[in-house]
Amino acid sequence: MLKPVHILCLLALLLPFGPAVHAQGQRIGLFQSPKGFGVTATFDKAPDGGEMNTVTLRTDFYGFLSGRTRQVGAFLTYTHDYRILRMEGEDYALILHAGAGVSLGYAHDHEKGFYSSYDRELAQQAGGVAALAGLIGLRVDFRRHLTVDFGFTLEPGIHVRTDPNTGAVILSFYKNGIYRGYYPHLNLLYRF
């Protein structure tokens with residue numbers, strides 16, 4: 001049986017073969033954030049770059065870096081962004097963009113005790129996450145096919161997990177989608 005992380009990886013590999021490949025401008029590169037790291041692809045939907053689709057496959061480090069769990073989560077996020085503001089210089093174009101979409105993943109959710117004076121492992125199981133994604137970012141397209149995109153993402157949604165003792169399915173609000181919304185992300189992209 002495939003784990004949710006494997007399914008998300010397979011979906012991310014199949015995405016470039018869809019209709020978005022025929023978009024006007026394509027950018028592919030690395031996603032870096034305190035939340036995790038991964039790969040990002042953006043596809044301009046309109047010839048003038050007024051709209052773009054962004055697909056990100058990333059890890060989720062909640063609890064891993066603090067030593068509270070050995071499991072690393074994974075997320076697949078899609079957003080459709082609109083250009084809010086554009087400024088151009090001689091060697092660059094600066095674009096403020098925002099958009100909404102969806103996020104699917106498998107990860108741990110927030111638990112109290114991060115700042116405890118003793119080591120405390122996460123008590124709850126990792127589970128599936130289905131969330132809305134709201135993104136705001138500042139993109140800089142340089143003349144030499146390099147793009148730097150800095151932004152923030154909110155992911156309010158639901159977290160589904162099982163209780164290890166009873167096997168009962170527990171549905172709760174995904175708190176990390178809001179609590180970690182102030183974590184920035186940085187995309188370093190190559191433009192085709």
# chains A, B, ... in the order shown; residues from 1 in each chain; ligands from 1
>>> select_by_dssp(residues="stretch 22-183 of chain A", states="strand (DSSP E)", output="ChimeraX atom specification")
/A:26-33,36-44,51-60,73-88,92-107,127-142,146-154,157-162,169-173
>>> write_last_selection(atoms="C-alpha atoms", output="short mmCIF file (atom, residue, chain, number, x, y, z; two decimals), in the first residue's frame")
data_model
loop_
_atom_site.label_atom_id
_atom_site.label_comp_id
_atom_site.auth_asym_id
_atom_site.auth_seq_id
_atom_site.Cartn_x
_atom_site.Cartn_y
_atom_site.Cartn_z
CA GLN A 26 7.80 28.70 -17.01
CA ARG A 27 9.96 28.80 -13.90
CA ILE A 28 11.28 25.80 -12.01
CA GLY A 29 13.45 25.84 -8.92
CA LEU A 30 13.93 25.36 -5.20
CA PHE A 31 11.58 26.18 -2.31
CA GLN A 32 13.24 27.05 1.02
CA SER A 33 11.54 27.90 4.29
CA GLY A 36 10.63 22.72 4.93
CA PHE A 37 12.25 22.57 1.53
CA GLY A 38 11.25 21.29 -1.88
CA VAL A 39 10.66 22.20 -5.52
CA THR A 40 8.45 24.85 -7.09
CA ALA A 41 7.19 25.39 -10.61
CA THR A 42 5.31 28.46 -11.86
CA PHE A 43 3.52 28.81 -15.17
CA ASP A 44 2.33 32.18 -16.52
CA GLU A 51 -1.84 35.51 -13.86
CA MET A 52 0.25 32.51 -12.91
CA ASN A 53 -0.16 29.02 -11.52
CA THR A 54 2.24 27.85 -8.83
CA VAL A 55 2.81 24.23 -7.81
CA THR A 56 5.04 23.37 -4.84
CA LEU A 57 6.07 19.99 -3.46
CA ARG A 58 7.81 20.40 -0.11
CA THR A 59 8.68 18.61 3.09
CA ASP A 60 7.22 19.59 6.46
CA GLY A 73 5.79 15.35 6.47
CA ALA A 74 5.09 16.34 2.87
CA PHE A 75 2.81 18.88 1.15
CA LEU A 76 1.65 19.53 -2.38
CA THR A 77 0.32 23.07 -2.85
CA TYR A 78 -1.31 24.70 -5.86
CA THR A 79 -2.18 28.41 -6.07
CA HIS A 80 -3.53 30.62 -8.84
CA ASP A 81 -1.93 34.05 -8.38
CA TYR A 82 -2.80 37.46 -9.79
CA ARG A 83 -0.39 40.33 -10.34
CA ILE A 84 -1.21 43.25 -8.07
CA LEU A 85 1.66 45.59 -8.93
CA ARG A 86 4.47 45.59 -11.50
CA MET A 87 7.54 47.82 -11.62
CA GLU A 88 10.30 47.49 -14.19
CA TYR A 92 14.71 43.44 -13.59
CA ALA A 93 10.94 43.32 -13.16
CA LEU A 94 9.43 43.52 -9.67
CA ILE A 95 6.00 41.92 -9.27
CA LEU A 96 3.74 41.86 -6.22
CA HIS A 97 1.32 38.92 -6.50
CA ALA A 98 -1.33 37.20 -4.39
CA GLY A 99 -3.60 34.26 -4.89
CA ALA A 100 -5.48 31.32 -3.48
CA GLY A 101 -5.51 27.58 -3.97
CA VAL A 102 -5.38 24.25 -2.18
CA SER A 103 -2.85 22.32 -0.18
CA LEU A 104 -2.77 18.56 0.48
CA GLY A 105 -0.32 16.88 2.77
CA TYR A 106 0.67 14.41 5.43
CA ALA A 107 2.14 15.97 8.58
CA GLY A 127 -2.21 12.61 9.57
CA GLY A 128 -3.64 13.87 6.33
CA VAL A 129 -4.14 17.59 5.77
CA ALA A 130 -6.56 19.25 3.35
CA ALA A 131 -6.36 23.04 3.40
CA LEU A 132 -7.04 26.20 1.48
CA ALA A 133 -3.88 28.11 0.61
CA GLY A 134 -3.59 31.89 0.53
CA LEU A 135 -0.30 33.25 -0.80
CA ILE A 136 1.21 36.71 -1.07
CA GLY A 137 4.63 37.23 -2.56
CA LEU A 138 7.14 39.55 -4.13
CA ARG A 139 8.78 38.21 -7.30
CA VAL A 140 11.88 39.67 -8.94
CA ASP A 141 12.59 38.52 -12.51
CA PHE A 142 16.17 39.27 -13.53
CA LEU A 146 16.84 34.02 -12.73
CA THR A 147 13.78 34.66 -10.56
CA VAL A 148 13.67 35.20 -6.80
CA ASP A 149 10.25 34.97 -5.14
CA PHE A 150 9.77 35.83 -1.45
CA GLY A 151 6.38 35.28 0.21
CA PHE A 152 4.08 34.01 2.92
CA THR A 153 1.38 31.32 2.85
CA LEU A 154 -1.60 30.71 5.14
CA GLY A 157 -7.73 23.47 6.83
CA ILE A 158 -8.48 20.15 8.47
CA HIS A 159 -6.20 17.49 9.94
CA VAL A 160 -7.32 13.84 9.93
CA ARG A 161 -5.46 11.31 12.06
CA THR A 162 -6.09 8.12 14.00
CA VAL A 169 -10.47 8.72 13.42
CA ILE A 170 -9.96 12.25 14.76
CA LEU A 171 -10.84 15.28 12.66
CA SER A 172 -9.54 18.66 13.86
CA PHE A 173 -8.63 22.14 12.64
#
>>> select_by_dssp(residues="chain A", states="helix (DSSP H, G or I)", output="list in words")
Pro4, Val5, His6, Ile7, Leu8, Cys9, Leu10, Leu11, Ala12, Leu13, Leu14, Leu15, Pro16, Phe17, Pro19, Ala20, Val21, His22, Asn176, Gly177, Ile178 and Tyr179 of chain A
>>> atom_distance(atom1="atom CA of A:Pro184", atom2="atom CA of A:Val72")
19.1 Å
>>> residues_around(residues="A:Leu122", least_positions_apart="5", cutoff="12 Å", atoms="only C-alpha atoms", output="VMD selection string")
chain A and resid 62 to 64 66 to 71 107 to 114
>>> closest_residue(among="A:Arg120, A:Leu186, A:Gly177, A:Arg144", to="A:Pro156", atoms="only C-alpha atoms")
A:Gly177
>>> atom_distance(atom1="atom CA of A:Leu189", atom2="atom CA of A:Glu90")
19.8 Å
